[in-house]
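Structure, as structure tokens:
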Amino acid sequence: MQITITLNGEPKQVAQGTSIATLVATELGLDPTRVAVERNREIAPRSGWESATLAEGDELEIVHFVGGGEEDCWTVAGRTFRSRLIVGTGKYRDFAQNAAAVEASGAEIVTVAVRRVNVSDRSQPLLTDFIDPKKTVYLPNTAGCFTAEDAVRTLRLAREAGGWSLVKLEVLADQKTLYPDVVETIRATHELVKDGFDVMVYTTDDPVVAKRLEDAGACAIMPLGAPIGSGLGIQNRITIRLIVEQSKVPVLVDAGVGTASDAAIAMELGCTGVLMNTAIAEAKDPVRMARAMKLAVQGGRDAYLAGRMGIRRYADPSSPLAGLI
């Protein structure tokens with residue numbers, strides 16, 4: 001049975017039961033990561049395309065970016081961003097340096113930890129005095145949480161304090177490695193999604209776990225490149241690439257980036273973006289490193305979109321050898 005929808009101002013017939021994902025990828029042959037969909041004048045989050053079944057009379061707008069001020073944006077939980085770099089707010093000399101680094105990075109999202117108010121000294125400066133949450137999206141995280149219960153409790157407090165529903169979940173296994181506790185992370189994801197949160201999840205670089213988290217409702221998967229704060233760079237390119245290929249939600253490398261080339265590699269693997277803190281905050285010149293990271297993310301993204309040359313076992317001359325003197 002066919003139904004009629006309006007697609008970009010034109011009537012179109014589709015089979016009853018067709019999802020937005022099927023329409024975009026199968027019927028129209030579009031790359032889902034490079035288009036945005038509006039359904040009946042409301043943004044359709046990419047994370048819900050599989051379950052969003054089209055109905056008679058639906059009005060859809062599908063857009064992408066073209067030449068003439070071309071922008072390469074990405075969307076998470078219905079929110080669209082230009083910068084593919086997310087930066088943290090820890091380990092800086094002070095809030096002023098942190099704010100300068102954020103500006104140099106071009107980041108539109110910063111991660112923030114949820115901590116108790118210092119009730120004994122109310123004169124201490126606040127992050128919000130230097131990085132305006134009305135201009136930069138705050139992404140509350142659960143840094144330091146080792147159980148699902150603590151993580152859920154922390155994010156509920158964050159939502160109450162600032163109204164934030166887009167959050168970053170991390171549930172750690174131990175103090176030494178700061179590796180994710182996969183079981184607790186999946187459990188917390190289920191609970192938070194059920195409670196109305198849009199959950200970006202820090203996890204291991206394991207495609208099976210990534211799929212479980214996406215199935216649990218995560219709006220973005222954030223596999224580690226290496227242990228938090230290690231600066232070791234991307235240790236397993238194969239599994240990161242597998243996660244990118246299988247995921248229908250954004251994939252952002254989170255943790256382990258040490259320098260600009262690490263960020264470029266993450267983007268060349270097809271990741272949606274990169275999240276980092278220590279690589280910028282502990283650089284000798286954090287502001288300059290932030291600027292370098294911005295350029296690295298942009299360069300890596302361009303290289304991925306350009307499509308790299310094939311890898312050969314032997315040399316292949318750039319100039320023809322025939323006709324030499």
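Letters A, B, ... go to the chains of the structure tokens in the order shown; residues in each chain start at 1; ligands are counted from 1 in the same order.
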Contacts of region 136-237 of chain A with region 89-110 of chain A up to 9 Å, shortest pair per row, only C-alpha atoms, as a Markdown table:
| residue | atom | partner | partner_atom | distance |
| --- | --- | --- | --- | --- |
| A:Thr136 | CA | A:Glu108 | CA | 5.2 |
| A:Val137 | CA | A:Ile109 | CA | 4.6 |
| A:Tyr138 | CA | A:Val110 | CA | 5.3 |
| A:Leu139 | CA | A:Val110 | CA | 5.8 |
| A:Pro140 | CA | A:Val110 | CA | 8.5 |
Which region 55-173 of chain A residues have any atom within 12 Å of an atom of region 225-249 of chain A, and for each, what is the nearest pair of atoms with distance in Å to one decimal, counting only C-alpha atoms, rows sorted by chain and number, as a Markdown table?
| residue | atom | partner | partner_atom | distance |
| --- | --- | --- | --- | --- |
| A:Trp74 | CA | A:Val249 | CA | 10.4 |
| A:Thr75 | CA | A:Val249 | CA | 9.1 |
| A:Val76 | CA | A:Val249 | CA | 7.7 |
| A:Ala77 | CA | A:Val249 | CA | 9.3 |
| A:Gly78 | CA | A:Val249 | CA | 11.4 |
| A:Gly88 | CA | A:Gly229 | CA | 11.5 |
| A:Gly90 | CA | A:Gly229 | CA | 11.0 |
| A:Lys91 | CA | A:Gly229 | CA | 10.4 |
| A:Ala143 | CA | A:Ile228 | CA | 10.7 |
| A:Gly144 | CA | A:Ile228 | CA | 11.8 |
| A:Glu170 | CA | A:Ile228 | CA | 11.2 |
| A:Leu172 | CA | A:Ile228 | CA | 10.5 |
Taking all heavy atoms for each residue, export the selection above as a tab-separated table (two decimals), in the first residue's frame.
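Okay, this is what ended up in part25.tsv:
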chain	number	residue	atom	x	y	z
A	74	TRP	N	27.26	18.83	11.70
A	74	TRP	CA	26.82	17.53	12.21
A	74	TRP	C	25.71	17.76	13.22
A	74	TRP	O	25.56	18.85	13.76
A	74	TRP	CB	27.98	16.76	12.83
A	74	TRP	CG	28.56	17.37	14.07
A	74	TRP	CD1	29.34	18.49	14.15
A	74	TRP	CD2	28.40	16.90	15.42
A	74	TRP	NE1	29.68	18.74	15.46
A	74	TRP	CE2	29.13	17.79	16.25
A	74	TRP	CE3	27.72	15.82	15.99
A	74	TRP	CZ2	29.19	17.62	17.64
A	74	TRP	CZ3	27.79	15.65	17.37
A	74	TRP	CH2	28.52	16.53	18.17
A	75	THR	N	24.92	16.73	13.44
A	75	THR	CA	23.74	16.84	14.30
A	75	THR	C	23.74	15.75	15.35
A	75	THR	O	24.04	14.59	15.05
A	75	THR	CB	22.45	16.75	13.46
A	75	THR	OG1	22.45	17.80	12.48
A	75	THR	CG2	21.22	16.89	14.33
A	76	VAL	N	23.41	16.12	16.57
A	76	VAL	CA	23.22	15.15	17.64
A	76	VAL	C	21.99	15.56	18.44
A	76	VAL	O	21.84	16.73	18.79
A	76	VAL	CB	24.47	15.06	18.55
A	76	VAL	CG1	24.78	16.40	19.21
A	76	VAL	CG2	24.30	13.96	19.60
A	77	ALA	N	21.10	14.61	18.64
A	77	ALA	CA	19.88	14.86	19.41
A	77	ALA	C	19.11	16.08	18.90
A	77	ALA	O	18.59	16.87	19.68
A	77	ALA	CB	20.20	15.02	20.90
A	78	GLY	N	19.09	16.24	17.57
A	78	GLY	CA	18.34	17.33	16.97
A	78	GLY	C	19.03	18.67	16.99
A	78	GLY	O	18.48	19.66	16.52
A	88	GLY	N	37.30	20.15	26.83
A	88	GLY	CA	36.97	20.05	28.25
A	88	GLY	C	37.29	21.33	29.01
A	88	GLY	O	37.78	22.32	28.45
A	90	GLY	N	38.88	21.18	32.32
A	90	GLY	CA	39.68	20.81	33.48
A	90	GLY	C	41.16	20.99	33.21
A	90	GLY	O	41.59	21.07	32.05
A	91	LYS	N	41.95	21.11	34.26
A	91	LYS	CA	43.41	21.12	34.22
A	91	LYS	C	44.03	22.43	33.71
A	91	LYS	O	45.24	22.52	33.58
A	91	LYS	CB	43.95	19.96	33.39
A	91	LYS	CG	43.56	18.58	33.90
A	91	LYS	CD	44.24	17.47	33.10
A	91	LYS	CE	43.91	16.10	33.65
A	91	LYS	NZ	44.58	15.03	32.90
A	143	ALA	N	32.24	12.54	35.10
A	143	ALA	CA	33.63	12.24	35.45
A	143	ALA	C	33.73	11.92	36.94
A	143	ALA	O	33.19	12.63	37.78
A	143	ALA	CB	34.52	13.43	35.11
A	144	GLY	N	34.41	10.83	37.24
A	144	GLY	CA	34.58	10.44	38.63
A	144	GLY	C	33.52	9.50	39.17
A	144	GLY	O	33.60	9.08	40.33
A	170	GLU	N	29.91	8.80	31.49
A	170	GLU	CA	31.06	7.91	31.64
A	170	GLU	C	30.98	7.26	33.01
A	170	GLU	O	30.78	7.94	34.01
A	170	GLU	CB	32.39	8.64	31.46
A	170	GLU	CG	32.64	9.82	32.38
A	170	GLU	CD	33.97	10.51	32.08
A	170	GLU	OE1	34.04	11.29	31.13
A	170	GLU	OE2	34.94	10.25	32.82
A	172	LEU	N	33.29	4.75	35.22
A	172	LEU	CA	34.64	4.21	35.21
A	172	LEU	C	34.76	2.94	36.04
A	172	LEU	O	34.01	2.74	37.00
A	172	LEU	CB	35.61	5.27	35.72
A	172	LEU	CG	35.53	6.62	34.98
A	172	LEU	CD1	36.47	7.63	35.64
A	172	LEU	CD2	35.86	6.44	33.51
Per-residue DSSP, region 64-263 of chain A, filtered to alpha helix (DSSP H), as a VMD selection string | chain A and resid 95 to 105 148 to 162 182 to 194 207 to 215 237 to 246 260 to 263
Enumerate as a PyMOL selection string all residues of region 121-272 of chain A assigned to strand (DSSP E or B) by DSSP on the backbone, naming them with the chain letters and numbers the document uses.
-> chain A and resi 137-141+166-169+172+180+198-203+220-223+251-254
Could you write out the selected residues, including N, CA, C and O atoms, as an mmCIF file, in the first residue's frame?
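So again_4.cif came out as:
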data_model
loop_
_atom_site.group_PDB
_atom_site.id
_atom_site.type_symbol
_atom_site.label_atom_id
_atom_site.label_comp_id
_atom_site.auth_asym_id
_atom_site.auth_seq_id
_atom_site.Cartn_x
_atom_site.Cartn_y
_atom_site.Cartn_z
ATOM 1 N N VAL A 137 27.558 25.593 24.336
ATOM 2 C CA VAL A 137 26.749 24.517 24.916
ATOM 3 C C VAL A 137 27.549 23.795 25.989
ATOM 4 O O VAL A 137 28.664 23.322 25.742
ATOM 5 N N TYR A 138 26.980 23.735 27.178
ATOM 6 C CA TYR A 138 27.577 22.961 28.264
ATOM 7 C C TYR A 138 27.122 21.506 28.136
ATOM 8 O O TYR A 138 25.932 21.229 27.999
ATOM 9 N N LEU A 139 28.081 20.602 28.204
ATOM 10 C CA LEU A 139 27.789 19.169 28.159
ATOM 11 C C LEU A 139 28.172 18.564 29.507
ATOM 12 O O LEU A 139 29.330 18.200 29.729
ATOM 13 N N PRO A 140 27.237 18.493 30.456
ATOM 14 C CA PRO A 140 27.561 17.916 31.763
ATOM 15 C C PRO A 140 28.024 16.469 31.615
ATOM 16 O O PRO A 140 27.452 15.707 30.834
ATOM 17 N N ASN A 141 29.067 16.119 32.350
ATOM 18 C CA ASN A 141 29.543 14.738 32.300
ATOM 19 C C ASN A 141 29.570 14.131 33.698
ATOM 20 O O ASN A 141 29.325 14.811 34.684
ATOM 21 N N LEU A 166 21.074 17.159 27.161
ATOM 22 C CA LEU A 166 22.158 16.551 26.394
ATOM 23 C C LEU A 166 23.347 16.406 27.326
ATOM 24 O O LEU A 166 23.871 17.394 27.848
ATOM 25 N N VAL A 167 23.767 15.159 27.558
ATOM 26 C CA VAL A 167 24.783 14.896 28.579
ATOM 27 C C VAL A 167 25.807 13.888 28.065
ATOM 28 O O VAL A 167 25.563 13.160 27.100
ATOM 29 N N LYS A 168 26.945 13.866 28.748
ATOM 30 C CA LYS A 168 27.973 12.865 28.451
ATOM 31 C C LYS A 168 28.067 11.905 29.631
ATOM 32 O O LYS A 168 28.309 12.318 30.773
ATOM 33 N N LEU A 169 27.890 10.637 29.331
ATOM 34 C CA LEU A 169 27.942 9.600 30.370
ATOM 35 C C LEU A 169 29.285 8.890 30.336
ATOM 36 O O LEU A 169 29.748 8.462 29.282
ATOM 37 N N LEU A 172 33.286 4.746 35.218
ATOM 38 C CA LEU A 172 34.642 4.211 35.205
ATOM 39 C C LEU A 172 34.756 2.942 36.040
ATOM 40 O O LEU A 172 34.008 2.740 36.999
ATOM 41 N N PRO A 180 36.276 2.457 30.961
ATOM 42 C CA PRO A 180 34.831 2.385 31.231
ATOM 43 C C PRO A 180 34.433 1.029 31.796
ATOM 44 O O PRO A 180 34.958 -0.005 31.377
ATOM 45 N N ASP A 198 19.314 12.885 26.516
ATOM 46 C CA ASP A 198 20.012 12.557 25.281
ATOM 47 C C ASP A 198 21.444 12.242 25.683
ATOM 48 O O ASP A 198 22.187 13.139 26.124
ATOM 49 N N VAL A 199 21.835 10.977 25.536
ATOM 50 C CA VAL A 199 23.056 10.491 26.171
ATOM 51 C C VAL A 199 24.167 10.235 25.156
ATOM 52 O O VAL A 199 24.046 9.378 24.277
ATOM 53 N N MET A 200 25.252 10.981 25.279
ATOM 54 C CA MET A 200 26.475 10.720 24.547
ATOM 55 C C MET A 200 27.355 9.882 25.469
ATOM 56 O O MET A 200 27.614 10.284 26.606
ATOM 57 N N VAL A 201 27.807 8.721 24.994
ATOM 58 C CA VAL A 201 28.392 7.740 25.909
ATOM 59 C C VAL A 201 29.867 7.455 25.623
ATOM 60 O O VAL A 201 30.240 7.055 24.522
ATOM 61 N N TYR A 202 30.695 7.664 26.648
ATOM 62 C CA TYR A 202 32.107 7.279 26.622
ATOM 63 C C TYR A 202 32.198 5.771 26.840
ATOM 64 O O TYR A 202 31.608 5.230 27.780
ATOM 65 N N THR A 203 32.955 5.096 25.971
ATOM 66 C CA THR A 203 33.012 3.641 26.069
ATOM 67 C C THR A 203 34.345 3.114 25.551
ATOM 68 O O THR A 203 35.202 3.885 25.103
ATOM 69 N N ALA A 220 24.943 9.317 20.780
ATOM 70 C CA ALA A 220 26.289 9.387 20.213
ATOM 71 C C ALA A 220 27.166 8.379 20.942
ATOM 72 O O ALA A 220 27.019 8.175 22.153
ATOM 73 N N ILE A 221 28.072 7.765 20.185
ATOM 74 C CA ILE A 221 29.014 6.804 20.758
ATOM 75 C C ILE A 221 30.383 7.464 20.789
ATOM 76 O O ILE A 221 30.842 8.028 19.797
ATOM 77 N N MET A 222 31.082 7.350 21.943
ATOM 78 C CA MET A 222 32.354 8.050 22.117
ATOM 79 C C MET A 222 33.433 7.076 22.576
ATOM 80 O O MET A 222 33.777 7.008 23.758
ATOM 81 N N PRO A 223 33.968 6.282 21.635
ATOM 82 C CA PRO A 223 34.994 5.312 22.009
ATOM 83 C C PRO A 223 36.312 5.992 22.346
ATOM 84 O O PRO A 223 36.670 7.015 21.758
ATOM 85 N N VAL A 251 29.763 9.295 15.922
ATOM 86 C CA VAL A 251 30.853 8.629 16.634
ATOM 87 C C VAL A 251 31.976 9.650 16.835
ATOM 88 O O VAL A 251 32.478 10.220 15.862
ATOM 89 N N LEU A 252 32.348 9.896 18.085
ATOM 90 C CA LEU A 252 33.392 10.871 18.391
ATOM 91 C C LEU A 252 34.459 10.207 19.250
ATOM 92 O O LEU A 252 34.138 9.590 20.276
ATOM 93 N N VAL A 253 35.703 10.294 18.835
ATOM 94 C CA VAL A 253 36.787 9.763 19.662
ATOM 95 C C VAL A 253 36.893 10.600 20.922
ATOM 96 O O VAL A 253 36.912 11.836 20.868
ATOM 97 N N ASP A 254 36.954 9.935 22.052
ATOM 98 C CA ASP A 254 36.974 10.608 23.350
ATOM 99 C C ASP A 254 38.074 9.981 24.190
ATOM 100 O O ASP A 254 37.978 8.816 24.565
#
Tell me which protein, DNA and RNA residues are within 7 Å of region 50-57 of chain A, counting only C-alpha atoms, leaving out same-chain ones fewer than 2 positions away, and put them as a list in words.
-> Ile3, Thr4, Ile5, Thr6, Gly17, Thr18, Ser19, Ile20, Ala21, Gly48 and Glu59 of chain A
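CA of Glu191 (chain A) is found 23.9 Å from CA of Leu275 (chain A).
Between CA of Cys271 (chain A) and CA of Pro250 (chain A) lies a distance of 7.5 Å.
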A:Arg291, A:Gln13, A:Gly217, A:Val297 ranked by distance to Ser47 (chain A), top pick (using only C-alpha atoms) | A:Gly217
Pick out the residues sitting within 7 Å of region 31-44 of chain A, and hand them over as a PyMOL selection string; count only C-alpha atoms, and ignore anything fewer than 5 positions along from it in its own chain.
-> chain A and resi 24-25+58-64+78
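One finds CA of Gly258 (chain A) at 13.6 Å from CA of Asp285 (chain A).
Those residues that approach Gln298 (chain A) to within 12 Å, counting only C-alpha atoms, are Glu71, Asp72, Cys73, Arg82, Ser83, Arg84, Leu85, Ser105, Gly106, Ala107, Ala260, Ser261, Ala263, Ala264, Ile265, Ala266, Met267, Glu268, Cys271, Thr272, Gly273, Val274, Arg291, Ala292, Met293, Ala303, Tyr304 and Leu305 of chain A; same-chain residues fewer than 5 positions away are not listed.
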